[in-house]
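Peer 1: So I've got this file, structure.csv, and it contains CSV, C-alpha atoms:
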```
chain,number,residue,atom,x,y,z
A,275,MET,CA,-9.5,-3.3,33.2
A,276,PRO,CA,-12.0,-6.2,33.2
A,277,ALA,CA,-12.1,-8.2,36.5
A,278,ALA,CA,-10.5,-11.6,37.0
A,279,GLY,CA,-12.7,-14.7,37.0
A,280,THR,CA,-13.0,-17.2,39.9
A,281,ASP,CA,-10.4,-19.5,38.2
A,282,GLY,CA,-7.9,-16.6,38.1
A,283,SER,CA,-8.5,-15.9,34.4
A,284,ARG,CA,-9.4,-12.4,33.2
A,285,ALA,CA,-12.5,-11.6,31.2
A,286,GLU,CA,-10.5,-10.3,28.2
A,287,ASP,CA,-8.6,-13.6,28.0
A,288,ALA,CA,-11.8,-15.2,26.5
A,289,VAL,CA,-12.0,-12.5,23.8
A,290,PRO,CA,-10.2,-13.2,20.5
A,291,PRO,CA,-7.2,-10.7,20.0
A,292,ALA,CA,-8.9,-9.1,17.1
A,293,PHE,CA,-11.8,-8.0,19.4
A,294,ARG,CA,-9.5,-6.5,22.1
A,295,MET,CA,-8.5,-2.9,21.9
A,296,LEU,CA,-5.0,-2.1,23.0
A,297,ILE,CA,-4.0,1.3,24.4
A,298,ASP,CA,-0.5,2.1,25.7
A,299,ASP,CA,-1.2,4.8,28.3
A,300,ARG,CA,1.5,7.0,26.8
A,301,PHE,CA,-0.7,7.1,23.6
A,302,THR,CA,-4.0,7.9,25.4
A,303,PRO,CA,-4.1,11.4,23.9
A,304,VAL,CA,-4.0,9.9,20.4
A,305,ALA,CA,-6.8,7.5,21.3
A,306,MET,CA,-9.0,10.3,22.7
A,307,LYS,CA,-8.5,12.4,19.5
A,308,PHE,CA,-9.5,9.3,17.4
A,309,PHE,CA,-12.6,8.5,19.4
A,310,ALA,CA,-13.8,12.1,19.2
A,311,MET,CA,-13.9,11.8,15.4
A,312,PHE,CA,-16.6,9.0,15.5
A,313,ARG,CA,-19.2,10.1,18.0
A,314,ARG,CA,-22.1,10.2,15.7
A,315,ARG,CA,-23.5,7.6,13.3
A,316,GLY,CA,-23.1,10.1,10.4
A,317,HIS,CA,-19.3,10.1,11.0
A,318,GLY,CA,-19.1,6.5,9.9
A,319,GLY,CA,-16.4,4.4,11.5
A,320,ALA,CA,-12.7,3.7,11.4
A,321,ALA,CA,-9.7,1.8,13.0
A,322,LEU,CA,-6.4,3.2,14.1
A,323,ALA,CA,-3.2,1.2,14.8
A,324,VAL,CA,0.3,2.3,15.9
A,325,TYR,CA,3.6,0.4,16.3
A,326,LEU,CA,6.6,1.8,18.2
A,327,ASP,CA,9.9,0.0,18.0
A,328,GLY,CA,8.3,-3.0,16.4
A,329,GLU,CA,5.6,-3.4,19.1
A,330,PRO,CA,1.9,-2.5,19.0
A,331,VAL,CA,1.0,0.5,21.2
A,332,LEU,CA,-2.5,1.3,19.8
A,333,ASP,CA,-5.1,-0.9,18.2
A,334,ILE,CA,-8.5,0.8,18.5
A,335,TRP,CA,-11.7,1.3,16.5
A,336,GLY,CA,-15.0,3.2,16.7
A,337,GLY,CA,-18.1,4.3,15.0
A,338,TRP,CA,-20.3,2.4,12.5
A,339,ALA,CA,-19.5,0.0,9.7
A,340,ASP,CA,-22.8,0.9,8.2
A,341,GLY,CA,-26.2,2.3,9.3
A,342,GLU,CA,-27.0,-0.6,11.5
A,343,ARG,CA,-23.7,-2.2,12.4
A,344,ARG,CA,-20.9,-1.0,14.7
A,345,TRP,CA,-17.3,-1.1,13.6
A,346,HIS,CA,-15.6,-4.1,15.3
A,347,GLY,CA,-12.0,-5.3,15.7
A,348,ASP,CA,-12.1,-7.4,12.6
A,349,THR,CA,-13.9,-4.8,10.4
A,350,MET,CA,-12.0,-3.7,7.3
A,351,ALA,CA,-12.6,-1.4,4.4
A,352,LEU,CA,-11.4,-0.7,0.9
A,353,ALA,CA,-8.6,1.9,1.2
A,354,TYR,CA,-8.0,3.0,-2.4
A,355,SER,CA,-4.4,3.9,-3.1
A,356,THR,CA,-3.2,2.8,0.4
A,357,GLY,CA,-2.7,-0.5,-1.4
A,358,LYS,CA,0.1,0.9,-3.6
A,359,GLY,CA,2.4,0.8,-0.6
A,360,VAL,CA,1.5,-2.8,0.1
A,361,ALA,CA,2.2,-3.7,-3.5
A,362,ALA,CA,5.5,-1.9,-3.3
A,363,THR,CA,6.5,-3.8,-0.2
A,364,VAL,CA,6.0,-7.1,-2.0
A,365,ALA,CA,8.3,-5.8,-4.7
A,366,HIS,CA,11.0,-4.9,-2.1
A,367,ARG,CA,10.9,-8.4,-0.7
A,368,LEU,CA,11.7,-9.7,-4.2
A,369,ILE,CA,14.3,-7.0,-4.8
A,370,GLU,CA,16.3,-7.8,-1.7
A,371,ARG,CA,16.5,-11.5,-2.7
A,372,GLY,CA,17.7,-10.6,-6.2
A,373,ILE,CA,14.5,-11.9,-7.9
A,374,LEU,CA,13.9,-8.3,-9.2
A,375,ALA,CA,16.5,-5.5,-9.7
A,376,VAL,CA,15.4,-1.9,-9.5
A,377,ASP,CA,17.5,-0.7,-12.4
A,378,GLU,CA,16.7,-3.6,-14.7
A,379,PRO,CA,14.4,-3.0,-17.6
A,380,VAL,CA,10.9,-4.2,-17.0
A,381,ALA,CA,11.1,-6.0,-20.3
A,382,THR,CA,13.7,-8.4,-18.8
A,383,TYR,CA,10.9,-10.0,-16.8
A,384,TRP,CA,8.0,-9.0,-19.1
A,385,PRO,CA,9.2,-9.2,-22.7
A,386,GLU,CA,5.9,-7.8,-24.2
A,387,PHE,CA,6.4,-4.6,-22.2
A,388,ALA,CA,9.2,-3.5,-24.6
A,389,ALA,CA,6.5,-2.6,-27.2
A,390,ASN,CA,6.1,1.0,-28.4
A,391,GLY,CA,9.5,2.2,-27.2
A,392,LYS,CA,9.3,1.0,-23.6
A,393,ASP,CA,12.3,-1.4,-23.8
A,394,SER,CA,14.4,0.9,-21.5
A,395,ILE,CA,11.9,1.6,-18.8
A,396,THR,CA,13.1,0.2,-15.5
A,397,VAL,CA,11.5,-1.2,-12.4
A,398,ARG,CA,12.7,1.9,-10.5
A,399,GLU,CA,10.8,4.1,-13.0
A,400,VAL,CA,7.6,2.1,-12.5
A,401,LEU,CA,8.0,2.4,-8.7
A,402,ASN,CA,8.7,6.1,-9.1
A,403,HIS,CA,5.6,6.7,-11.3
A,404,ARG,CA,7.8,7.6,-14.2
A,405,ALA,CA,6.8,4.9,-16.7
A,406,GLY,CA,4.3,7.2,-18.5
A,407,LEU,CA,1.5,4.7,-18.3
A,408,GLN,CA,-1.0,6.5,-16.2
A,409,ARG,CA,-3.8,6.7,-18.8
A,410,THR,CA,-6.8,4.3,-18.5
A,411,ARG,CA,-9.5,6.3,-20.3
A,412,GLY,CA,-9.9,4.5,-23.7
A,413,LEU,CA,-7.2,2.0,-22.9
A,414,LEU,CA,-9.7,-0.9,-23.3
A,415,ASP,CA,-12.7,-1.0,-25.5
A,416,ASP,CA,-15.0,-2.3,-22.7
A,417,PRO,CA,-14.6,-0.5,-19.4
A,418,ALA,CA,-15.8,-3.7,-17.7
A,419,ASP,CA,-12.5,-5.3,-18.6
A,420,MET,CA,-10.6,-2.7,-16.4
A,421,LEU,CA,-11.2,-5.1,-13.5
A,422,ASP,CA,-9.5,-8.0,-15.4
A,423,HIS,CA,-5.9,-8.0,-14.4
A,424,ASP,CA,-4.7,-9.9,-17.5
A,425,ALA,CA,-6.6,-7.7,-19.9
A,426,LEU,CA,-5.3,-4.4,-18.3
A,427,ALA,CA,-1.7,-5.7,-18.0
A,428,ALA,CA,-1.7,-6.7,-21.7
A,429,ALA,CA,-3.1,-3.3,-22.7
A,430,LEU,CA,-0.4,-1.5,-20.6
A,431,GLY,CA,2.3,-3.7,-22.0
A,432,ALA,CA,1.2,-2.8,-25.6
A,433,ALA,CA,0.7,1.0,-24.9
A,434,ALA,CA,3.0,3.8,-25.8
A,435,PRO,CA,4.3,5.8,-22.8
A,436,ASP,CA,3.6,9.5,-22.2
A,437,PRO,CA,6.7,11.5,-23.3
A,438,LEU,CA,6.2,13.7,-20.3
A,439,ARG,CA,7.6,10.9,-18.2
A,440,LEU,CA,11.1,12.1,-19.2
A,441,ARG,CA,10.5,15.4,-17.6
A,442,ALA,CA,8.6,14.6,-14.4
A,443,SER,CA,6.7,12.0,-12.5
A,444,GLY,CA,3.1,11.3,-13.5
A,445,TYR,CA,0.9,9.6,-10.9
A,446,HIS,CA,-0.2,6.2,-12.0
A,447,GLY,CA,-3.5,6.3,-10.1
A,448,LEU,CA,-5.2,3.2,-11.4
A,449,THR,CA,-2.3,1.4,-13.2
A,450,PHE,CA,0.5,1.4,-10.7
A,451,GLY,CA,-0.6,-1.8,-8.9
A,452,THR,CA,-1.3,-3.7,-12.1
A,453,LEU,CA,2.2,-2.9,-13.4
A,454,VAL,CA,3.9,-3.9,-10.1
A,455,ALA,CA,1.8,-7.1,-9.9
A,456,GLU,CA,2.5,-8.2,-13.4
A,457,ILE,CA,6.3,-7.6,-13.0
A,458,ALA,CA,6.2,-9.6,-9.8
A,459,GLN,CA,4.2,-12.4,-11.4
A,460,ARG,CA,6.5,-12.6,-14.5
A,461,ALA,CA,9.6,-12.7,-12.3
A,462,THR,CA,8.4,-15.4,-10.0
A,463,GLY,CA,5.9,-17.4,-12.0
A,464,ARG,CA,3.4,-17.1,-9.1
A,465,SER,CA,0.1,-15.2,-8.8
A,466,PHE,CA,0.3,-11.8,-7.0
A,467,ARG,CA,-2.3,-12.9,-4.5
A,468,GLU,CA,0.0,-15.8,-3.6
A,469,LEU,CA,2.9,-13.4,-3.3
A,470,VAL,CA,1.0,-11.1,-0.9
A,471,ARG,CA,0.4,-14.2,1.3
A,472,THR,CA,4.0,-15.5,1.2
A,473,GLU,CA,5.8,-12.2,1.2
A,474,LEU,CA,3.6,-10.2,3.6
A,475,THR,CA,0.8,-11.9,5.5
A,476,GLU,CA,2.7,-15.0,6.6
A,477,PRO,CA,6.0,-13.2,7.6
A,478,LEU,CA,3.9,-10.5,9.5
A,479,GLY,CA,1.4,-12.9,11.0
A,480,GLN,CA,-1.4,-10.7,9.7
A,481,ASP,CA,-4.1,-12.0,7.4
A,482,ASP,CA,-5.9,-8.8,6.4
A,483,LEU,CA,-4.0,-7.5,3.4
A,484,TRP,CA,-6.5,-8.3,0.6
A,485,PHE,CA,-6.5,-7.7,-3.2
A,486,GLY,CA,-9.7,-9.6,-3.8
A,487,VAL,CA,-11.5,-10.6,-0.6
A,488,PRO,CA,-12.6,-14.3,-0.2
A,489,GLU,CA,-16.4,-14.6,-0.1
A,490,HIS,CA,-16.4,-15.8,3.5
A,491,HIS,CA,-14.7,-12.6,4.7
A,492,ARG,CA,-16.8,-10.1,2.8
A,493,HIS,CA,-19.3,-9.7,5.7
A,494,ARG,CA,-16.5,-7.9,7.6
A,495,ILE,CA,-16.2,-5.1,5.0
A,496,ALA,CA,-17.6,-1.7,5.9
A,497,PRO,CA,-19.2,-0.1,2.7
A,498,LEU,CA,-17.8,3.3,1.7
A,499,SER,CA,-19.7,6.6,1.6
A,500,PRO,CA,-20.4,9.2,0.4
A,501,GLY,CA,-19.7,9.2,-3.3
A,502,LEU,CA,-16.4,10.6,-4.5
A,503,HIS,CA,-16.8,14.4,-5.1
A,504,VAL,CA,-15.3,17.9,-4.7
A,505,ALA,CA,-17.8,20.6,-3.9
A,506,ARG,CA,-20.6,18.1,-5.0
A,507,VAL,CA,-18.9,17.7,-8.4
A,508,PRO,CA,-18.5,13.9,-9.0
A,509,LEU,CA,-14.9,12.8,-9.5
A,510,ASP,CA,-15.3,11.5,-13.0
A,511,ARG,CA,-16.8,14.9,-14.1
A,512,LEU,CA,-14.1,16.8,-12.1
A,513,THR,CA,-11.2,15.0,-13.9
A,514,GLY,CA,-12.8,15.8,-17.2
A,515,LEU,CA,-13.1,19.5,-16.3
A,516,THR,CA,-9.6,19.9,-14.7
A,517,GLY,CA,-8.1,17.8,-17.4
A,518,SER,CA,-8.9,20.5,-20.0
A,519,LEU,CA,-6.7,23.0,-18.1
A,520,ARG,CA,-3.0,23.4,-18.3
A,521,PRO,CA,-0.9,22.0,-16.6
A,522,LEU,CA,-3.3,19.1,-15.7
A,523,THR,CA,-4.1,17.9,-19.2
A,524,SER,CA,-2.9,14.4,-18.3
A,525,LEU,CA,-5.4,14.1,-15.3
A,526,ARG,CA,-8.4,13.4,-17.5
A,527,GLY,CA,-7.0,10.2,-18.9
A,528,VAL,CA,-6.1,8.7,-15.5
A,529,VAL,CA,-9.7,8.0,-14.3
A,530,TYR,CA,-12.2,6.6,-16.8
A,531,ASP,CA,-15.9,7.3,-16.8
A,532,GLY,CA,-17.8,5.2,-14.3
A,533,TRP,CA,-14.8,4.2,-12.2
A,534,ALA,CA,-15.7,6.2,-9.1
A,535,GLU,CA,-19.2,4.8,-8.8
A,536,MET,CA,-18.0,1.3,-9.6
A,537,SER,CA,-15.3,1.5,-7.0
A,538,GLN,CA,-18.0,1.8,-4.3
A,539,SER,CA,-19.9,-1.2,-5.5
A,540,ASP,CA,-19.3,-4.9,-4.6
A,541,ARG,CA,-17.4,-5.6,-7.8
A,542,PRO,CA,-13.9,-4.6,-6.6
A,543,TYR,CA,-14.0,-7.1,-3.7
A,544,ALA,CA,-13.6,-9.9,-6.2
A,545,ALA,CA,-10.9,-8.2,-8.4
A,546,MET,CA,-7.2,-7.9,-8.1
A,547,MET,CA,-6.3,-4.3,-8.8
A,548,PRO,CA,-3.4,-3.5,-6.3
A,549,GLY,CA,-3.3,0.2,-7.3
A,550,TRP,CA,-6.6,0.9,-5.7
A,551,ASN,CA,-8.8,-2.0,-4.5
A,552,GLY,CA,-6.9,-3.2,-1.4
A,553,VAL,CA,-9.1,-4.1,1.6
A,554,PHE,CA,-7.3,-3.9,4.9
A,555,THR,CA,-7.5,-3.6,8.6
A,556,ALA,CA,-5.4,-0.8,10.2
A,557,ARG,CA,-3.8,-3.5,12.4
A,558,ALA,CA,-2.3,-5.3,9.3
A,559,LEU,CA,-1.1,-2.1,7.7
A,560,ALA,CA,0.5,-0.8,10.9
A,561,ALA,CA,2.4,-4.1,11.3
A,562,MET,CA,3.8,-3.8,7.8
A,563,TYR,CA,4.9,-0.2,8.2
A,564,GLY,CA,6.0,-1.0,11.7
A,565,ALA,CA,8.6,-3.4,10.3
A,566,ILE,CA,9.8,-0.8,7.7
A,567,ALA,CA,10.2,1.7,10.6
A,568,ASN,CA,12.1,-0.7,12.8
A,569,ASP,CA,14.9,-2.0,10.6
A,570,GLY,CA,12.6,-4.6,9.0
A,571,ARG,CA,11.4,-6.3,12.2
A,572,ILE,CA,8.2,-6.4,14.3
A,573,GLY,CA,8.5,-8.4,17.5
A,574,HIS,CA,10.4,-11.6,16.7
A,575,ARG,CA,9.4,-11.5,13.0
A,576,ARG,CA,11.6,-10.1,10.2
A,577,LEU,CA,10.0,-8.7,7.1
A,578,LEU,CA,12.9,-6.9,5.4
A,579,LYS,CA,16.6,-6.6,5.8
A,580,PRO,CA,17.9,-3.4,7.5
A,581,GLU,CA,19.7,-2.3,4.3
A,582,THR,CA,16.3,-2.5,2.4
A,583,THR,CA,14.6,-0.4,5.0
A,584,ARG,CA,17.4,2.2,4.9
A,585,MET,CA,17.1,2.3,1.1
A,586,ILE,CA,13.4,2.8,1.3
A,587,ALA,CA,13.7,5.5,4.0
A,588,ARG,CA,16.0,7.8,1.9
A,589,MET,CA,12.9,9.2,0.1
A,590,PRO,CA,14.9,11.5,-2.3
A,591,ALA,CA,13.1,14.1,-4.4
A,592,ASN,CA,11.6,12.6,-7.5
A,593,SER,CA,10.5,15.6,-9.6
A,594,ARG,CA,9.6,19.2,-8.8
A,595,PHE,CA,6.2,18.8,-10.5
A,596,ASP,CA,3.9,15.8,-11.1
A,597,TYR,CA,2.2,16.2,-14.4
A,598,VAL,CA,-0.9,14.4,-13.3
A,599,LEU,CA,-1.4,15.7,-9.8
A,600,GLY,CA,0.0,19.2,-10.3
A,601,ALA,CA,2.0,18.9,-7.1
A,602,PRO,CA,5.1,16.9,-6.1
A,603,PRO,CA,4.3,14.2,-3.5
A,604,HIS,CA,7.8,12.9,-4.2
A,605,HIS,CA,7.2,9.3,-4.9
A,606,ALA,CA,10.2,7.1,-4.4
A,607,LEU,CA,10.4,3.3,-4.8
A,608,GLY,CA,6.6,2.9,-4.4
A,609,TYR,CA,5.9,5.2,-1.5
A,610,HIS,CA,5.4,8.9,-1.1
A,611,ARG,CA,6.5,11.3,1.6
A,612,GLY,CA,4.1,11.3,4.5
A,613,ILE,CA,2.0,14.3,5.7
A,614,VAL,CA,2.4,14.8,9.4
A,615,GLY,CA,0.2,17.7,10.6
A,616,ALA,CA,0.5,20.3,7.8
A,617,THR,CA,4.0,19.1,6.7
A,618,LEU,CA,4.9,16.9,3.8
A,619,THR,CA,8.1,15.4,5.2
A,620,ARG,CA,10.8,13.1,3.9
A,621,HIS,CA,11.1,11.7,7.4
A,622,ALA,CA,7.8,9.8,6.9
A,623,LEU,CA,6.9,7.5,4.1
A,624,GLY,CA,3.9,5.5,3.1
A,625,HIS,CA,0.8,5.8,1.0
A,626,TYR,CA,-2.6,7.6,1.5
A,627,GLY,CA,-5.8,6.7,-0.4
A,628,ILE,CA,-8.7,8.7,-1.7
A,629,GLY,CA,-11.1,9.4,1.1
A,630,GLY,CA,-8.7,9.5,4.0
A,631,SER,CA,-7.4,6.0,4.7
A,632,GLY,CA,-3.6,5.5,4.7
A,633,ALA,CA,-0.5,4.3,6.5
A,634,MET,CA,3.0,5.4,7.0
A,635,ALA,CA,6.3,4.7,8.7
A,636,MET,CA,8.6,7.1,10.4
A,637,PRO,CA,11.9,5.3,10.6
A,638,GLY,CA,13.7,8.0,12.6
A,639,LEU,CA,11.2,7.4,15.4
A,640,GLY,CA,10.7,3.7,15.0
A,641,LEU,CA,7.0,4.6,14.5
A,642,SER,CA,4.2,3.5,12.2
A,643,ILE,CA,0.6,4.5,12.0
A,644,ALA,CA,-2.4,3.2,10.0
A,645,PHE,CA,-5.9,4.6,9.7
A,646,VAL,CA,-8.7,2.8,7.8
A,647,THR,CA,-12.1,4.4,7.4
A,648,ASN,CA,-15.4,3.9,5.5
A,649,HIS,CA,-16.4,7.6,5.8
A,650,LEU,CA,-14.7,9.4,2.8
A,651,GLY,CA,-13.4,12.9,3.4
A,652,ASN,CA,-15.5,15.8,4.8
A,653,HIS,CA,-18.5,18.0,3.7
A,654,ALA,CA,-16.4,20.0,1.3
A,655,MET,CA,-15.0,17.0,-0.6
A,656,SER,CA,-14.8,13.2,-0.1
A,657,LEU,CA,-11.5,12.8,-1.8
A,658,GLY,CA,-9.6,13.3,1.4
A,659,ASP,CA,-9.2,15.3,4.6
A,660,ALA,CA,-6.8,16.0,7.5
A,661,ARG,CA,-7.8,13.1,9.9
A,662,LEU,CA,-4.8,11.0,9.3
A,663,PRO,CA,-2.2,13.9,9.2
A,664,MET,CA,-3.7,15.2,12.5
A,665,LEU,CA,-3.5,11.7,14.1
A,666,ALA,CA,0.0,11.3,12.8
A,667,ALA,CA,1.1,14.6,14.4
A,668,ALA,CA,-0.5,13.5,17.7
A,669,THR,CA,1.2,10.1,17.4
A,670,VAL,CA,4.6,11.7,16.8
A,671,ARG,CA,4.2,13.9,19.9
A,672,ALA,CA,3.3,10.8,22.0
A,673,ALA,CA,6.2,8.8,20.6
A,674,ARG,CA,8.7,11.6,21.5
A,675,SER,CA,7.2,11.8,25.0
A,676,ALA,CA,7.4,8.0,25.3
A,677,ARG,CA,11.1,8.1,24.5
A,678,ARG,CA,11.6,10.4,27.5
A,679,GLU,CA,9.3,8.5,29.8
A,680,GLY,CA,10.3,5.0,29.1
A,681,PRO,CA,8.2,1.8,29.1
A,682,SER,CA,4.6,2.0,30.2
A,683,GLU,CA,1.5,-0.2,30.7
A,684,LEU,CA,-0.7,-1.6,28.0
A,685,THR,CA,-4.4,-1.6,28.5
A,686,ALA,CA,-6.5,-4.3,26.8
A,687,ALA,CA,-10.2,-3.9,26.7
A,688,ALA,CA,-12.8,-6.2,25.2
A,689,SER,CA,-15.1,-4.5,22.6
```
Could you render the structure from this file as structure tokens?

Peer 2:
Amino acid sequence: MPAAGTDGSRAEDAVPPAFRMLIDDRFTPVAMKFFAMFRRRGHGGAALAVYLDGEPVLDIWGGWADGERRWHGDTMALAYSTGKGVAATVAHRLIERGILAVDEPVATYWPEFAANGKDSITVREVLNHRAGLQRTRGLLDDPADMLDHDALAAALGAAAPDPLRLRASGYHGLTFGTLVAEIAQRATGRSFRELVRTELTEPLGQDDLWFGVPEHHRHRIAPLSPGLHVARVPLDRLTGLTGSLRPLTSLRGVVYDGWAEMSQSDRPYAAMMPGWNGVFTARALAAMYGAIANDGRIGHRRLLKPETTRMIARMPANSRFDYVLGAPPHHALGYHRGIVGATLTRHALGHYGIGGSGAMAMPGLGLSIAFVTNHLGNHAMSLGDARLPMLAAATVRAARSARREGPSELTAAAS
């Protein structure tokens, strides 16, 4: 611990909270596993945050934000589909107040959505990735318009749904957030960015949940690398190849040409695409999922009602096969089952993003974990890896041990 000053103050008291690491000594093994991942500059950087019973027990970071800059306490990164869980949580705040209803047709709030036989598609089906609107390739004449929320929402509202939606879920990789945001905007008459602020950041006391980062905060963003690939095959080409094979014929239409490269440019930082362009700190994500894991509360703040978190935590099976992904992640009400170690479990829920960032809640343990990184995947592929699942497994072990040991000391260290 830093030494006390001559006036009785401690050195870390002069350091803003965002620049102080926090380590509950019962979670030291998790912290050590995290720090070991970012020893070399080539490993990039990351942040890890954990809440237990509505209180923070880990808030740490390490590595490099870019080639010359270390990762700091206020560094953040684009976390791809991690944002889907954030968008879903905004929806649940509206659902519990009766502004939205999960089994109401989307067209009740968004009349144009009824076009092309979509009049009966419900809010629940959108949240469960069963609206059949996963296709983006060819949806708009100019791919540059895919970063325009109004243009993309209008195109989705006019589109015909994929008939496979009646048989299985179909992952809405780039369209989920746009659909949820437009439904929320139509129901409230307010912009989705404003809703994120009033429904999440203000109740949580956490600012860094961004869909479109203000200019004066962009210096805090850690650029992503390497490019999105599997075995050196770029993502756009990969989806074209696999999309020609059964049963993944729907995959090709989900990602349009040029999206992967564009997603790692500066352009998404000004856009509002809640399905994939969220820029977050691990601290803010862990607080949100910490409330979901703790009957809706973190500290003295309430985010959701206990009945809402119980509904979210049920995580029933959705379909045995996702016709886009080729595997069943069991999406339910905007989240998917979490991977802890090597296990996809209904006892954890949240959302992971391409490249490895993600966050989840484990309500049975009162536990949440969030991991945000700028280094995508591993040598074999950049689409994802086992870092978060491994850290989640270590966190579960520490939480179970903490239950047996009782309260412990928190260590705060200036970075």

Peer 1: If you count only C-alpha atoms, which residues fall within 9 Å of A:Leu448, apart from same-chain ones fewer than 6 positions away, as a VMD selection string?

Peer 2: chain A and resid 355 408 to 410 528 to 529 547 to 550

Peer 1: Any chance you could export the current selection's C-alpha atoms as a PDB file, keeping the file's coordinate frame?

Peer 2:
```pdb
ATOM      1  CA  SER A 355      -4.400   3.900  -3.100  1.00  0.00           C
ATOM      2  CA  GLN A 408      -1.000   6.500 -16.200  1.00  0.00           C
ATOM      3  CA  ARG A 409      -3.800   6.700 -18.800  1.00  0.00           C
ATOM      4  CA  THR A 410      -6.800   4.300 -18.500  1.00  0.00           C
ATOM      5  CA  VAL A 528      -6.100   8.700 -15.500  1.00  0.00           C
ATOM      6  CA  VAL A 529      -9.700   8.000 -14.300  1.00  0.00           C
ATOM      7  CA  MET A 547      -6.300  -4.300  -8.800  1.00  0.00           C
ATOM      8  CA  PRO A 548      -3.400  -3.500  -6.300  1.00  0.00           C
ATOM      9  CA  GLY A 549      -3.300   0.200  -7.300  1.00  0.00           C
ATOM     10  CA  TRP A 550      -6.600   0.900  -5.700  1.00  0.00           C
TER      11      TRP A 550
END
```

Peer 1: List every residue of stretch 521-585 of chain A that has an atom at most 6 Å from any atom of stretch 621-643 of chain A, and for each one report the closest atom pair and its distance in Å to one decimal, counting all atoms listed in the file, with rows sorted by chain and then by increasing residue number, as JSON lines.

Peer 2:
```
{"residue": "A:Ala560", "atom": "CA", "partner": "A:Ile643", "partner_atom": "CA", "distance": 5.4}
{"residue": "A:Tyr563", "atom": "CA", "partner": "A:Ala635", "partner_atom": "CA", "distance": 5.1}
{"residue": "A:Gly564", "atom": "CA", "partner": "A:Ser642", "partner_atom": "CA", "distance": 4.9}
{"residue": "A:Ala567", "atom": "CA", "partner": "A:Pro637", "partner_atom": "CA", "distance": 4.0}
{"residue": "A:Asn568", "atom": "CA", "partner": "A:Gly640", "partner_atom": "CA", "distance": 5.1}
```

Peer 1: Would you write out, as JSON lines, a table of all residues in stretch 583-660 of chain A that have an atom no more than 12 Å from an atom of stretch 450-459 of chain A, listing for each the closest atom pair and the distance in Å to one decimal, considering only C-alpha atoms and ordering rows by chain and rising residue number?

Peer 2:
```
{"residue": "A:His605", "atom": "CA", "partner": "A:Phe450", "partner_atom": "CA", "distance": 11.9}
{"residue": "A:Leu607", "atom": "CA", "partner": "A:Val454", "partner_atom": "CA", "distance": 11.1}
{"residue": "A:Gly608", "atom": "CA", "partner": "A:Phe450", "partner_atom": "CA", "distance": 8.9}
{"residue": "A:Tyr609", "atom": "CA", "partner": "A:Phe450", "partner_atom": "CA", "distance": 11.3}
```

Peer 1: Which residues are near stretch 543-546 of chain A? Cut-off 12 Å, only C-alpha atoms, ignore same chain within fewer than 5 positions. Put them as a PyMOL selection string.

Peer 2: chain A and resi 350-354+357+361+418-427+448-449+451-456+465-468+470+483-497+536-538+551-554

Peer 1: Need the shell around A:Val376: protein/DNA/RNA residues with any atom at most 9 Å away, counting only C-alpha atoms. Skip same-chain ones fewer than 4 positions apart. Format as a VMD selection string?

Peer 2: chain A and resid 369 396 to 399 401 607

Peer 1: Under the rule that all atoms listed in the file are counted, which of A:Phe309, A:Tyr325, A:Phe387, A:Tyr597 is the nearest residue to A:Arg661?

Peer 2: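 Closest to A:Arg661 of all the choices is A:Phe309.
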
Peer 1: Please provide the set of residues having any atom within 9 Å of A:Pro590, restricted to only C-alpha atoms, with same-chain residues fewer than 5 positions apart removed, written as a PyMOL selection string.

Peer 2: chain A and resi 604-606+620

Peer 1: May I ask which of the residues A:Ala668, A:Leu374, A:Val364, A:Val507 is the closest one to A:Met306, counting all atoms listed in the file?

Peer 2: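 Among the listed residues, A:Ala668 lies closest to A:Met306.
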
Peer 1: Just the number, please: distance in Å from atom CA of A:Met664 to atom CA of A:Gly615, one decimal.

Peer 2: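 Between these atoms lies a distance of 5.0 Å.
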
Peer 1: To one decimal in Å, tell me the separation between atom CA of A:Ser656 and atom CA of A:Gly406.

Peer 2: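 So the answer is 27.2 Å.
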
Peer 1: Between A:Ala601, A:Gly412, A:Arg674, A:Pro580, which one has atoms that come closest to A:Leu618, using all atoms listed in the file?

Peer 2: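 Closest to A:Leu618, using all atoms listed in the file: A:Ala601.
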
Peer 1: Can you work out the spacing between atom CA of A:Thr555 and atom CA of A:Ala321 in Å, to one decimal?

Peer 2: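 Interatomic distance, atom CA of A:Thr555 to atom CA of A:Ala321: 7.3 Å.
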
Peer 1: Could the centre and edge lengths of an axis-aligned box, enclosing all atoms of stretch 620-635 of chain A in the file with 4 Å extra on each side, be given in Å to one decimal as JSON?

Peer 2:
```
{"center_x": 0.0, "center_y": 8.7, "center_z": 3.5, "size_x": 30.2, "size_y": 16.8, "size_z": 18.4}
```

Peer 1: Of the candidates A:Ala534, A:Val304, A:Ala375, A:Leu469, which one gets nearest to A:Gly501 if we count all atoms listed in the file?

Peer 2: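 Among A:Ala534, A:Val304, A:Ala375, A:Leu469, it is A:Ala534 that comes nearest to A:Gly501.
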
Peer 1: Fewer than 5 positions away in the same chain doesn't count, so skip those; otherwise give me all residues within 12 Å of A:Ala434, counting only C-alpha atoms, as number ranges by chain.

Peer 2: A: 387-393, 395, 405-409, 413, 429, 439

Peer 1: Return the single residue from A:Ala654, A:Val598, A:Ala667, A:Ile297 that is closest to A:Thr617, with distances computed using all atoms listed in the file.

Peer 2: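 Of A:Ala654, A:Val598, A:Ala667, A:Ile297, the one nearest A:Thr617 is A:Ala667, counting all atoms listed in the file.
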
Peer 1: Using only C-alpha atoms, can you tell me which of A:Pro303, A:Pro330, A:Gly444, A:Gly463 comes closest to A:Gly527?

Peer 2: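 Once distances to A:Gly527 are computed over only C-alpha atoms, the minimum belongs to A:Gly444.
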